[in-house]
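Visitor: Provided herewith is a single structure, encoded as structure tokens, for subsequent inquiry.
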Amino acid sequence: MASAPTQDTEVPERLRPAPPRLTTGAKLVFVLGGTLLILAAIAVFATLQTTRLADSEASGRLRIAANEDARAIATELMGDMTALRVAVRAMGQDPLDTPSCARAQGVFAQQSLTGARFLITDRSGRTLCGDPLPAALPMPVGGSPIGADILPGKGLVLSVAHQDGRAQARAFFPLPFLQSLIDQNSHGSPIASALELDGESLALEDMPKRGALERMKSIRTELGIAGLVLRTSAPSAPITSSLIVALALPLLMWLAAVLIGWFVVDRLLIRPLRQLRGIVAAYQPGEVLDISRVEAAPAQEIRDLADTFEAITQTVATHEAGLAEGLVRQTKLTREVHHRVKNNLQVISSLINFHARGATGPEAMAAYSSIQRRVDALAVVHRHHFAELEENRGLNLRTMIGELAANIRATAPENAAGIGISLDVAPLLVNQDVAVAVAFLVTETIELAMNCDPAAQIRVAIKPTEQEGRAVVRVVSRALVETDELRHLIGKRYGRVMEGLARQLRAPLHHDPLTGAYEIAVPIVGRD
């Protein structure tokens, strides 16, 4: 009978901590965070789109203002230089052409109030008309009939010459005059303007000092006069605190939502489940789960799950207690059965001995002895099996065959008193069925040898083979060499029994007639 199973304290594989991986709570937080991040990105994009629209509107207003200012400056300068070019052409042909000089002075009469003036000279530099100018005569470049030069911080100098070079004129337009051409009131917002030429710049209007986060947008407009360019700048939509808040608020809300979501999931779901998992992983068979730490879980579903586990463990503990009690009763019953079987075998052995002492003939005594040896073989196996009932490791062939050989020598007939039985048995373990078959087979083989040659020496060897879980039982004696007597005994009495035992062991029984050996392979369960 099987002994009571020992409790396995090792944690089952399914309850062991799993390798680190993405938990359900983390997946939930990631899904929530991803969804909110998309919404935050949409909000940021909408804010940026609004800012771009504001920039586009500011750029449109700046472009209109730049075109108006450039047109006003170009119209005034071109008109003045056209008047000078007419005067230069006339006075180049007639230096004393006073009407032409008067017309040019009339054109510059209004500009003179702001400091604008002109000067017409001949080839030798003699003044023909106008007022002296401190600035040098700028030369036209790039095929333009007008030359230009910027005096930083002062103004602009333009020049025009007669095609034959007999006369030339230059005009000085001071900064106040140029500034008067730009009407800031019509712009509606502050605008910075500057004239640029070959790396030189003349600021017409400056912007107030801007903050570090304020942006400027500039447009360059060509005047069509000697390569002059008007650069107009205006502030773009500023990066204000409200814009920063509008951009950062969705991201802050997303971060706050993720943190709150993780906190809620961790407190309501992950932590209680982790506690419950630890309690279940530490569960030992026969115990009842202590779910006191999980009873305070915020989620009712987790508390219900913990109660279910507790109820299951209580049921399992109750069933295991019942099974353990039943196993104890079964063990007691098995011991009682084995004890009675042992007593019955002893009674049978005593009866055989009693009748053997009263036998009158040698054949009867030999029959009683033969029966006694088989009963002794069965008793030996039963006694060893009863001794191994607690550990259930198997029966030790070395001790069993040793006791069996001693009983055979004790029950040997008088004519076989000199029989010798030598043992070479490894400490191998077998189950009860194999032990009974091996004990009977060894008994039958030794008795066959004694009947063939009462003075024969018999050697019994049991050794493990190279094949895992197998051993070879070998009985060798000169009495087992092929003879007429051996064939007669096998055919009449021993052959059928030995073949039946071989079938019970599920292996062929080999006989070597030359060396006198019987050999069979038997299964084993281990080594002692």
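Ordering of the structure tokens sets the chain letters (A, B, ...), residue numbers begin anew at 1 in every chain, and ligands are numbered from 1 in the order given.
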Skipping near chain neighbours, those fewer than 5 positions away, what residues fall within 12 Å of Ala379 of chain A using only C-alpha atoms, listed as a compact mmCIF listing (two decimals) with all heavy atoms, in the first residue's frame?

Guide:
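Below is the file selection_20.txt, written as the result:
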# COMPACT_ATOMS: atom_id res chain seq x y z
N HIS A 338 -1.64 -6.85 6.82
CA HIS A 338 -0.30 -7.43 6.68
C HIS A 338 0.06 -8.27 7.91
O HIS A 338 0.67 -9.35 7.80
CB HIS A 338 0.73 -6.31 6.50
CG HIS A 338 0.84 -5.83 5.09
ND1 HIS A 338 1.55 -6.51 4.13
CD2 HIS A 338 0.33 -4.74 4.48
CE1 HIS A 338 1.48 -5.86 2.98
NE2 HIS A 338 0.75 -4.77 3.16
N HIS A 339 -0.31 -7.77 9.07
CA HIS A 339 0.00 -8.51 10.29
C HIS A 339 -0.71 -9.87 10.30
O HIS A 339 -0.11 -10.90 10.66
CB HIS A 339 -0.42 -7.69 11.51
CG HIS A 339 -0.07 -8.32 12.81
ND1 HIS A 339 1.23 -8.46 13.26
CD2 HIS A 339 -0.87 -8.87 13.78
CE1 HIS A 339 1.22 -9.05 14.43
NE2 HIS A 339 -0.05 -9.31 14.78
N ARG A 340 -1.97 -9.87 9.87
CA ARG A 340 -2.71 -11.14 9.84
C ARG A 340 -2.16 -12.08 8.78
O ARG A 340 -2.09 -13.30 8.99
CB ARG A 340 -4.18 -10.86 9.60
CG ARG A 340 -4.84 -10.12 10.77
CD ARG A 340 -6.33 -10.01 10.58
NE ARG A 340 -6.95 -9.30 11.70
CZ ARG A 340 -8.25 -9.15 11.87
NH1 ARG A 340 -9.10 -9.67 10.98
NH2 ARG A 340 -8.74 -8.50 12.92
N VAL A 341 -1.77 -11.51 7.61
CA VAL A 341 -1.17 -12.35 6.57
C VAL A 341 0.12 -12.97 7.08
O VAL A 341 0.41 -14.16 6.87
CB VAL A 341 -0.94 -11.53 5.29
CG1 VAL A 341 -0.09 -12.32 4.30
CG2 VAL A 341 -2.26 -11.15 4.66
N LYS A 342 0.94 -12.16 7.76
CA LYS A 342 2.19 -12.69 8.32
C LYS A 342 1.91 -13.80 9.33
O LYS A 342 2.59 -14.85 9.32
CB LYS A 342 2.97 -11.55 8.97
CG LYS A 342 4.32 -11.99 9.52
CD LYS A 342 5.06 -10.82 10.13
CE LYS A 342 4.35 -10.38 11.41
NZ LYS A 342 5.12 -9.34 12.14
N ASN A 343 0.92 -13.57 10.19
CA ASN A 343 0.58 -14.60 11.16
C ASN A 343 0.07 -15.86 10.47
O ASN A 343 0.41 -17.00 10.87
CB ASN A 343 -0.49 -14.08 12.13
CG ASN A 343 0.06 -12.99 13.04
OD1 ASN A 343 1.28 -12.88 13.22
ND2 ASN A 343 -0.82 -12.19 13.62
N ASN A 344 -0.73 -15.67 9.42
CA ASN A 344 -1.24 -16.84 8.69
C ASN A 344 -0.12 -17.62 8.03
O ASN A 344 -0.11 -18.87 8.01
CB ASN A 344 -2.26 -16.40 7.66
CG ASN A 344 -3.55 -15.89 8.29
OD1 ASN A 344 -3.87 -16.24 9.43
ND2 ASN A 344 -4.30 -15.08 7.55
N LEU A 345 0.83 -16.89 7.46
CA LEU A 345 1.97 -17.57 6.84
C LEU A 345 2.78 -18.33 7.90
O LEU A 345 3.28 -19.43 7.63
CB LEU A 345 2.86 -16.56 6.11
CG LEU A 345 2.28 -15.97 4.84
CD1 LEU A 345 3.20 -14.89 4.27
CD2 LEU A 345 2.05 -17.05 3.78
N GLN A 346 2.92 -17.74 9.07
CA GLN A 346 3.63 -18.44 10.14
C GLN A 346 2.87 -19.69 10.57
O GLN A 346 3.47 -20.74 10.85
CB GLN A 346 3.83 -17.50 11.33
CG GLN A 346 4.84 -16.39 11.06
CD GLN A 346 4.97 -15.42 12.23
OE1 GLN A 346 4.19 -15.48 13.18
NE2 GLN A 346 5.94 -14.52 12.14
N VAL A 347 1.54 -19.53 10.64
CA VAL A 347 0.74 -20.70 11.01
C VAL A 347 0.88 -21.81 9.97
O VAL A 347 1.06 -22.99 10.29
CB VAL A 347 -0.74 -20.29 11.19
CG1 VAL A 347 -1.63 -21.53 11.33
CG2 VAL A 347 -0.90 -19.40 12.40
N ILE A 348 0.84 -21.40 8.69
CA ILE A 348 1.00 -22.38 7.60
C ILE A 348 2.37 -23.04 7.68
O ILE A 348 2.51 -24.27 7.53
CB ILE A 348 0.77 -21.72 6.24
CG1 ILE A 348 -0.70 -21.27 6.11
CG2 ILE A 348 1.14 -22.66 5.11
CD1 ILE A 348 -0.98 -20.45 4.87
N SER A 349 3.41 -22.24 7.93
CA SER A 349 4.77 -22.80 8.02
C SER A 349 4.87 -23.76 9.20
O SER A 349 5.49 -24.83 9.09
CB SER A 349 5.76 -21.65 8.19
OG SER A 349 7.08 -22.17 8.30
N GLN A 372 7.56 -26.01 2.15
CA GLN A 372 8.06 -25.10 3.19
C GLN A 372 8.94 -24.00 2.59
O GLN A 372 8.85 -22.83 2.98
CB GLN A 372 8.86 -25.91 4.21
CG GLN A 372 9.42 -25.08 5.37
CD GLN A 372 8.33 -24.56 6.27
OE1 GLN A 372 7.44 -25.31 6.67
NE2 GLN A 372 8.36 -23.27 6.57
N ARG A 373 9.80 -24.37 1.62
CA ARG A 373 10.69 -23.36 1.02
C ARG A 373 9.89 -22.28 0.28
O ARG A 373 10.24 -21.10 0.30
CB ARG A 373 11.68 -24.05 0.10
CG ARG A 373 12.81 -24.75 0.84
CD ARG A 373 13.88 -25.20 -0.11
NE ARG A 373 13.45 -26.34 -0.92
CZ ARG A 373 13.57 -27.62 -0.54
NH1 ARG A 373 14.07 -27.92 0.64
NH2 ARG A 373 13.19 -28.60 -1.35
N ARG A 374 8.80 -22.68 -0.37
CA ARG A 374 8.02 -21.69 -1.12
C ARG A 374 7.23 -20.78 -0.18
O ARG A 374 7.11 -19.57 -0.42
CB ARG A 374 7.09 -22.40 -2.10
CG ARG A 374 7.86 -22.94 -3.31
CD ARG A 374 7.15 -24.10 -3.98
NE ARG A 374 7.92 -24.59 -5.12
CZ ARG A 374 8.99 -25.35 -5.03
NH1 ARG A 374 9.44 -25.74 -3.84
NH2 ARG A 374 9.63 -25.74 -6.11
N HIS A 384 9.56 -8.23 4.37
CA HIS A 384 10.35 -7.07 3.91
C HIS A 384 9.44 -5.96 3.38
O HIS A 384 9.71 -4.78 3.58
CB HIS A 384 11.36 -7.51 2.84
CG HIS A 384 12.57 -8.16 3.39
ND1 HIS A 384 13.71 -7.46 3.73
CD2 HIS A 384 12.83 -9.47 3.70
CE1 HIS A 384 14.63 -8.30 4.20
NE2 HIS A 384 14.12 -9.54 4.19
N HIS A 385 8.39 -6.39 2.71
CA HIS A 385 7.46 -5.36 2.22
C HIS A 385 6.76 -4.64 3.38
O HIS A 385 6.56 -3.44 3.36
CB HIS A 385 6.41 -6.02 1.31
CG HIS A 385 5.36 -5.06 0.83
ND1 HIS A 385 5.65 -4.02 -0.04
CD2 HIS A 385 4.03 -4.96 1.12
CE1 HIS A 385 4.53 -3.33 -0.27
NE2 HIS A 385 3.53 -3.88 0.43
N PHE A 386 6.42 -5.38 4.41
CA PHE A 386 5.78 -4.77 5.58
C PHE A 386 6.75 -3.81 6.27
O PHE A 386 6.36 -2.75 6.77
CB PHE A 386 5.32 -5.86 6.53
CG PHE A 386 4.58 -5.34 7.74
CD1 PHE A 386 3.28 -4.89 7.63
CD2 PHE A 386 5.20 -5.28 8.98
CE1 PHE A 386 2.60 -4.40 8.73
CE2 PHE A 386 4.52 -4.79 10.08
CZ PHE A 386 3.22 -4.35 9.95
N MET A 400 16.91 -9.42 1.16
CA MET A 400 15.86 -10.41 0.93
C MET A 400 16.44 -11.73 0.43
O MET A 400 16.11 -12.83 0.93
CB MET A 400 14.85 -9.86 -0.08
CG MET A 400 13.63 -10.73 -0.26
SD MET A 400 12.56 -10.13 -1.59
CE MET A 400 13.58 -10.57 -3.02
N GLU A 403 18.37 -13.57 3.29
CA GLU A 403 17.50 -14.30 4.21
C GLU A 403 16.90 -15.53 3.53
O GLU A 403 16.75 -16.60 4.14
CB GLU A 403 16.40 -13.37 4.71
CG GLU A 403 15.53 -13.99 5.77
CD GLU A 403 14.50 -13.00 6.31
OE1 GLU A 403 14.64 -11.78 6.00
OE2 GLU A 403 13.57 -13.43 7.02
N LEU A 404 16.55 -15.37 2.25
CA LEU A 404 15.97 -16.49 1.51
C LEU A 404 16.97 -17.64 1.39
O LEU A 404 16.62 -18.82 1.55
CB LEU A 404 15.53 -16.01 0.14
CG LEU A 404 14.82 -17.02 -0.75
CD1 LEU A 404 13.52 -17.46 -0.11
CD2 LEU A 404 14.54 -16.43 -2.14
N ASN A 407 17.20 -19.54 4.66
CA ASN A 407 16.07 -20.44 4.86
C ASN A 407 16.18 -21.69 4.00
O ASN A 407 15.80 -22.81 4.43
CB ASN A 407 14.76 -19.71 4.54
CG ASN A 407 14.44 -18.63 5.55
OD1 ASN A 407 14.94 -18.64 6.68
ND2 ASN A 407 13.59 -17.68 5.17
N ALA A 435 9.66 -8.57 -6.53
CA ALA A 435 10.32 -9.29 -5.44
C ALA A 435 9.76 -10.70 -5.27
O ALA A 435 10.50 -11.67 -5.07
CB ALA A 435 10.18 -8.49 -4.14
N VAL A 436 8.43 -10.85 -5.35
CA VAL A 436 7.81 -12.18 -5.21
C VAL A 436 8.26 -13.09 -6.34
O VAL A 436 8.65 -14.26 -6.12
CB VAL A 436 6.28 -12.03 -5.20
CG1 VAL A 436 5.61 -13.39 -5.30
CG2 VAL A 436 5.83 -11.30 -3.94
N ALA A 439 11.97 -14.00 -5.89
CA ALA A 439 12.16 -14.93 -4.77
C ALA A 439 11.75 -16.35 -5.17
O ALA A 439 12.47 -17.34 -4.89
CB ALA A 439 11.35 -14.46 -3.56
N PHE A 440 10.61 -16.49 -5.81
CA PHE A 440 10.16 -17.82 -6.25
C PHE A 440 11.09 -18.39 -7.31
O PHE A 440 11.40 -19.60 -7.31
CB PHE A 440 8.73 -17.75 -6.78
CG PHE A 440 7.70 -17.78 -5.69
CD1 PHE A 440 6.73 -16.80 -5.61
CD2 PHE A 440 7.68 -18.81 -4.76
CE1 PHE A 440 5.78 -16.83 -4.62
CE2 PHE A 440 6.72 -18.84 -3.76
CZ PHE A 440 5.76 -17.85 -3.68

Visitor: So which residues touch segment 507-521 of chain A within 10 Å, counting only C-alpha atoms, skipping near sequence neighbours fewer than 5 positions away, as an MDAnalysis selection string?

Guide: chainID A and resid 438 441:442 445 449 458:465 470:483 486 498:499 501:502

Visitor: Show me, as a PyMOL selection string, the residues that have an atom within 8 Å of Gly153 of chain A when counting only C-alpha atoms, minus same-chain residues fewer than 4 positions from it.

Guide: chain A and resi 175+202-203

Visitor: For Phe177 of chain A, please output as a PyMOL selection string all residues within 12 Å (counting only C-alpha atoms; exclusion window: fewer than 6 positions along the same chain).

Guide: chain A and resi 73+76-77+108+110-117+154-156+183+204

Visitor: Write out as a PyMOL selection string all residues of segment 112-174 of chain A that backbone DSSP assigns to strand (DSSP E or B).

Guide: chain A and resi 117-122+127-130+146-151+155-161+167-174

Visitor: Neighbouring residues of Ile371 of chain A were defined as those with any atom within 12 Å, considering only C-alpha atoms; residues of the same chain fewer than 4 positions away were excluded. Please report them as a PyMOL selection string.

Guide: chain A and resi 348-353+355-356+364-367+375-378+408+411-412+440+443-444+447

Visitor: Which of these residues is nearest to Ile191 of chain A, using only C-alpha atoms: A:Thr98, A:Ser59, A:Thr308, A:Gln275?

Guide: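 Closest to Ile191 of chain A of all the choices is A:Ser59.
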
Visitor: Would you work out the distance separating atom CA of Asp149 of chain A from atom CA of Val229 of chain A, expressed in Å to one decimal?

Guide: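 Separation of atom CA of Asp149 of chain A and atom CA of Val229 of chain A: 12.2 Å.
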
Visitor: Need to verify the contact set: segment 160-164 of chain A, 10 Å, only C-alpha atoms, exclusion of same-chain residues closer than 6 positions in sequence. Can you return it as a compact mmCIF listing (two decimals) with N, CA, C and O atoms, in the first residue's frame?

Guide:
# COMPACT_ATOMS: atom_id res chain seq x y z
N MET A 81 14.45 114.03 -58.00
CA MET A 81 15.58 113.74 -58.88
C MET A 81 15.22 113.96 -60.34
O MET A 81 16.09 114.32 -61.16
N THR A 82 13.95 113.82 -60.69
CA THR A 82 13.54 114.12 -62.07
C THR A 82 13.68 115.60 -62.35
O THR A 82 14.16 116.02 -63.42
N LEU A 84 15.75 117.60 -60.84
CA LEU A 84 17.18 117.89 -60.94
C LEU A 84 17.76 117.43 -62.27
O LEU A 84 18.64 118.10 -62.86
N ARG A 85 17.29 116.24 -62.74
CA ARG A 85 17.82 115.76 -64.02
C ARG A 85 17.46 116.72 -65.17
O ARG A 85 18.27 116.97 -66.06
N VAL A 86 16.24 117.30 -65.13
CA VAL A 86 15.84 118.29 -66.16
C VAL A 86 16.71 119.53 -66.07
O VAL A 86 17.17 120.08 -67.08
N ALA A 87 16.95 119.98 -64.83
CA ALA A 87 17.78 121.17 -64.65
C ALA A 87 19.21 120.92 -65.10
O ALA A 87 19.86 121.77 -65.71
N VAL A 88 19.74 119.70 -64.79
CA VAL A 88 21.13 119.37 -65.18
C VAL A 88 21.23 119.31 -66.70
O VAL A 88 22.22 119.80 -67.31
N ARG A 89 20.23 118.77 -67.38
CA ARG A 89 20.27 118.69 -68.84
C ARG A 89 20.26 120.10 -69.46
O ARG A 89 21.02 120.39 -70.40
N ALA A 90 19.42 120.97 -68.88
CA ALA A 90 19.32 122.34 -69.43
C ALA A 90 20.59 123.14 -69.15
O ALA A 90 21.13 123.82 -70.04
N MET A 91 21.09 123.06 -67.89
CA MET A 91 22.26 123.85 -67.54
C MET A 91 23.54 123.25 -68.08
O MET A 91 24.57 123.92 -68.16
N GLY A 92 23.48 121.96 -68.48
CA GLY A 92 24.65 121.40 -69.14
C GLY A 92 24.83 121.99 -70.52
O GLY A 92 25.96 122.14 -71.02
N GLN A 93 23.73 122.41 -71.14
CA GLN A 93 23.82 123.05 -72.45
C GLN A 93 24.02 124.56 -72.30
O GLN A 93 24.73 125.17 -73.09
N ILE A 120 24.10 122.02 -58.11
CA ILE A 120 24.41 121.69 -59.51
C ILE A 120 25.74 122.34 -59.84
O ILE A 120 25.93 123.55 -59.61
N THR A 121 26.69 121.56 -60.34
CA THR A 121 28.02 122.05 -60.69
C THR A 121 28.34 121.65 -62.11
O THR A 121 27.73 120.74 -62.68
N ASP A 122 29.36 122.39 -62.66
CA ASP A 122 29.81 122.00 -64.00
C ASP A 122 30.91 120.98 -63.88
O ASP A 122 31.20 120.47 -62.81
N ARG A 123 31.55 120.74 -65.05
CA ARG A 123 32.57 119.70 -65.09
C ARG A 123 33.73 120.01 -64.16
O ARG A 123 34.31 119.11 -63.55
N LEU A 137 30.22 113.48 -54.22
CA LEU A 137 29.28 113.13 -55.28
C LEU A 137 29.25 111.63 -55.45
O LEU A 137 30.25 111.02 -55.86
N PRO A 138 28.13 110.97 -55.12
CA PRO A 138 28.06 109.52 -55.33
C PRO A 138 27.91 109.22 -56.81
O PRO A 138 27.22 109.93 -57.54
N MET A 139 28.58 108.19 -57.27
CA MET A 139 28.57 107.83 -58.67
C MET A 139 27.51 106.76 -58.90
O MET A 139 27.33 105.84 -58.09
N PRO A 140 26.81 106.85 -60.02
CA PRO A 140 25.82 105.82 -60.35
C PRO A 140 26.51 104.49 -60.61
O PRO A 140 27.62 104.43 -61.13
N SER A 144 22.37 102.51 -63.50
CA SER A 144 21.32 103.41 -63.02
C SER A 144 21.72 104.85 -63.27
O SER A 144 22.89 105.23 -63.09
N PRO A 145 20.79 105.71 -63.71
CA PRO A 145 21.14 107.12 -63.95
C PRO A 145 21.34 107.89 -62.66
O PRO A 145 21.81 109.04 -62.69
N ILE A 146 20.98 107.29 -61.55
CA ILE A 146 21.04 107.99 -60.26
C ILE A 146 22.03 107.23 -59.38
O ILE A 146 22.01 106.02 -59.30
N GLY A 147 22.87 108.00 -58.73
CA GLY A 147 23.78 107.44 -57.75
C GLY A 147 23.25 107.73 -56.35
O GLY A 147 22.54 108.71 -56.13
N ALA A 148 23.63 106.90 -55.39
CA ALA A 148 23.12 107.08 -54.02
C ALA A 148 24.21 106.74 -53.03
O ALA A 148 25.11 105.94 -53.30
N ARG A 170 23.70 116.91 -57.18
CA ARG A 170 23.50 115.99 -56.07
C ARG A 170 22.58 116.66 -55.06
O ARG A 170 22.63 117.89 -54.88
N ALA A 171 21.77 115.83 -54.42
CA ALA A 171 20.79 116.35 -53.46
C ALA A 171 20.98 115.64 -52.13
O ALA A 171 21.25 114.43 -52.09

Visitor: What is the atom CA of Phe30 of chain A-atom CA of Ile270 of chain A distance in Å, reported with one decimal?

Guide: 14.3 Å

Visitor: Grab the atom CA of Gly227 of chain A to atom CA of Ala74 of chain A distance for me, in Å with one decimal place.

Guide: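 We find that atom CA of Gly227 of chain A and atom CA of Ala74 of chain A lie 11.6 Å from each other.
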
Visitor: What residues in segment 392-476 of chain A get the DSSP label helix (DSSP H, G or I)? Please answer as a PyMOL selection string.

Guide: chain A and resi 397-410+414-416+432-452

Visitor: Export N, CA, C and O atoms of the chosen residues as a compact mmCIF listing (two decimals), in the first residue's frame?

Guide:
# COMPACT_ATOMS: atom_id res chain seq x y z
N LEU A 397 16.88 -6.18 -2.51
CA LEU A 397 17.14 -7.55 -2.95
C LEU A 397 18.29 -8.21 -2.18
O LEU A 397 18.27 -9.43 -1.97
N ARG A 398 19.27 -7.43 -1.73
CA ARG A 398 20.42 -8.04 -1.05
C ARG A 398 19.98 -8.70 0.26
O ARG A 398 20.30 -9.88 0.51
N THR A 399 19.26 -7.94 1.09
CA THR A 399 18.83 -8.53 2.37
C THR A 399 17.78 -9.62 2.15
O THR A 399 17.77 -10.64 2.86
N MET A 400 16.91 -9.42 1.16
CA MET A 400 15.86 -10.41 0.93
C MET A 400 16.44 -11.73 0.43
O MET A 400 16.11 -12.83 0.93
N ILE A 401 17.35 -11.70 -0.55
CA ILE A 401 17.96 -12.92 -1.09
C ILE A 401 18.84 -13.58 -0.03
O ILE A 401 18.92 -14.82 0.05
N GLY A 402 19.51 -12.76 0.80
CA GLY A 402 20.33 -13.34 1.87
C GLY A 402 19.50 -14.14 2.85
O GLY A 402 19.87 -15.26 3.25
N GLU A 403 18.37 -13.57 3.29
CA GLU A 403 17.50 -14.30 4.21
C GLU A 403 16.90 -15.53 3.53
O GLU A 403 16.75 -16.60 4.14
N LEU A 404 16.55 -15.37 2.25
CA LEU A 404 15.97 -16.49 1.51
C LEU A 404 16.97 -17.64 1.39
O LEU A 404 16.62 -18.82 1.55
N ALA A 405 18.24 -17.35 1.12
CA ALA A 405 19.27 -18.39 1.01
C ALA A 405 19.48 -19.10 2.34
O ALA A 405 19.66 -20.33 2.39
N ALA A 406 19.43 -18.31 3.43
CA ALA A 406 19.57 -18.95 4.75
C ALA A 406 18.42 -19.90 5.01
O ALA A 406 18.63 -21.03 5.57
N ASN A 407 17.20 -19.54 4.66
CA ASN A 407 16.07 -20.44 4.86
C ASN A 407 16.18 -21.69 4.00
O ASN A 407 15.80 -22.81 4.43
N ILE A 408 16.68 -21.54 2.78
CA ILE A 408 16.82 -22.70 1.90
C ILE A 408 17.85 -23.67 2.47
O ILE A 408 17.64 -24.91 2.47
N ARG A 409 18.98 -23.16 2.96
CA ARG A 409 19.98 -24.05 3.55
C ARG A 409 19.41 -24.76 4.79
O ARG A 409 19.70 -25.91 5.07
N ALA A 410 18.54 -24.01 5.53
CA ALA A 410 17.99 -24.62 6.75
C ALA A 410 16.99 -25.72 6.44
O ALA A 410 16.82 -26.66 7.22
N GLU A 414 18.63 -34.01 3.98
CA GLU A 414 19.87 -34.49 4.59
C GLU A 414 20.94 -34.76 3.55
O GLU A 414 22.13 -34.53 3.77
N ASN A 415 20.52 -35.31 2.39
CA ASN A 415 21.53 -35.61 1.38
C ASN A 415 22.12 -34.36 0.76
O ASN A 415 23.12 -34.42 0.05
N ALA A 416 21.46 -33.19 0.97
CA ALA A 416 21.99 -31.92 0.42
C ALA A 416 22.50 -31.01 1.54
O ALA A 416 22.50 -29.79 1.42
N GLN A 432 7.04 -4.94 -4.96
CA GLN A 432 6.62 -6.21 -4.36
C GLN A 432 6.39 -7.29 -5.41
O GLN A 432 6.78 -8.45 -5.22
N ASP A 433 5.78 -6.92 -6.53
CA ASP A 433 5.49 -7.94 -7.56
C ASP A 433 6.77 -8.55 -8.09
O ASP A 433 6.88 -9.78 -8.26
N VAL A 434 7.78 -7.71 -8.38
CA VAL A 434 9.06 -8.23 -8.87
C VAL A 434 9.75 -9.04 -7.79
O VAL A 434 10.36 -10.10 -8.06
N ALA A 435 9.66 -8.57 -6.53
CA ALA A 435 10.32 -9.29 -5.44
C ALA A 435 9.76 -10.70 -5.27
O ALA A 435 10.50 -11.67 -5.07
N VAL A 436 8.43 -10.85 -5.35
CA VAL A 436 7.81 -12.18 -5.21
C VAL A 436 8.26 -13.09 -6.34
O VAL A 436 8.65 -14.26 -6.12
N ALA A 437 8.24 -12.57 -7.59
CA ALA A 437 8.64 -13.41 -8.73
C ALA A 437 10.11 -13.80 -8.64
O ALA A 437 10.47 -14.97 -8.90
N VAL A 438 10.99 -12.86 -8.26
CA VAL A 438 12.42 -13.16 -8.15
C VAL A 438 12.66 -14.18 -7.04
O VAL A 438 13.46 -15.13 -7.18
N ALA A 439 11.97 -14.00 -5.89
CA ALA A 439 12.16 -14.93 -4.77
C ALA A 439 11.75 -16.35 -5.17
O ALA A 439 12.47 -17.34 -4.89
N PHE A 440 10.61 -16.49 -5.81
CA PHE A 440 10.16 -17.82 -6.25
C PHE A 440 11.09 -18.39 -7.31
O PHE A 440 11.40 -19.60 -7.31
N LEU A 441 11.56 -17.55 -8.25
CA LEU A 441 12.44 -18.04 -9.32
C LEU A 441 13.77 -18.52 -8.75
O LEU A 441 14.28 -19.59 -9.14
N VAL A 442 14.35 -17.77 -7.81
CA VAL A 442 15.60 -18.20 -7.19
C VAL A 442 15.38 -19.49 -6.39
O VAL A 442 16.22 -20.42 -6.44
N THR A 443 14.25 -19.54 -5.68
CA THR A 443 13.96 -20.76 -4.91
C THR A 443 13.83 -21.97 -5.83
O THR A 443 14.39 -23.07 -5.57
N GLU A 444 13.07 -21.82 -6.92
CA GLU A 444 12.88 -22.92 -7.86
C GLU A 444 14.20 -23.35 -8.48
O GLU A 444 14.49 -24.56 -8.63
N THR A 445 15.04 -22.39 -8.84
CA THR A 445 16.31 -22.71 -9.50
C THR A 445 17.26 -23.42 -8.54
O THR A 445 17.93 -24.42 -8.91
N ILE A 446 17.33 -22.95 -7.29
CA ILE A 446 18.21 -23.61 -6.31
C ILE A 446 17.71 -25.02 -6.01
O ILE A 446 18.49 -25.98 -5.90
N GLU A 447 16.39 -25.16 -5.86
CA GLU A 447 15.86 -26.50 -5.60
C GLU A 447 16.11 -27.43 -6.79
O GLU A 447 16.42 -28.62 -6.61
N LEU A 448 16.00 -26.90 -8.02
CA LEU A 448 16.32 -27.72 -9.20
C LEU A 448 17.76 -28.19 -9.16
O LEU A 448 18.07 -29.35 -9.44
N ALA A 449 18.66 -27.27 -8.76
CA ALA A 449 20.08 -27.65 -8.68
C ALA A 449 20.29 -28.70 -7.58
O ALA A 449 21.10 -29.65 -7.76
N MET A 450 19.62 -28.55 -6.43
CA MET A 450 19.79 -29.53 -5.35
C MET A 450 19.29 -30.90 -5.77
O MET A 450 19.88 -31.93 -5.42
N ASN A 451 18.19 -30.93 -6.51
CA ASN A 451 17.67 -32.24 -6.95
C ASN A 451 18.57 -32.88 -7.99
O ASN A 451 18.61 -34.13 -8.10
N CYS A 452 19.26 -32.05 -8.79
CA CYS A 452 20.19 -32.61 -9.80
C CYS A 452 21.50 -33.05 -9.15
O CYS A 452 22.06 -34.10 -9.51
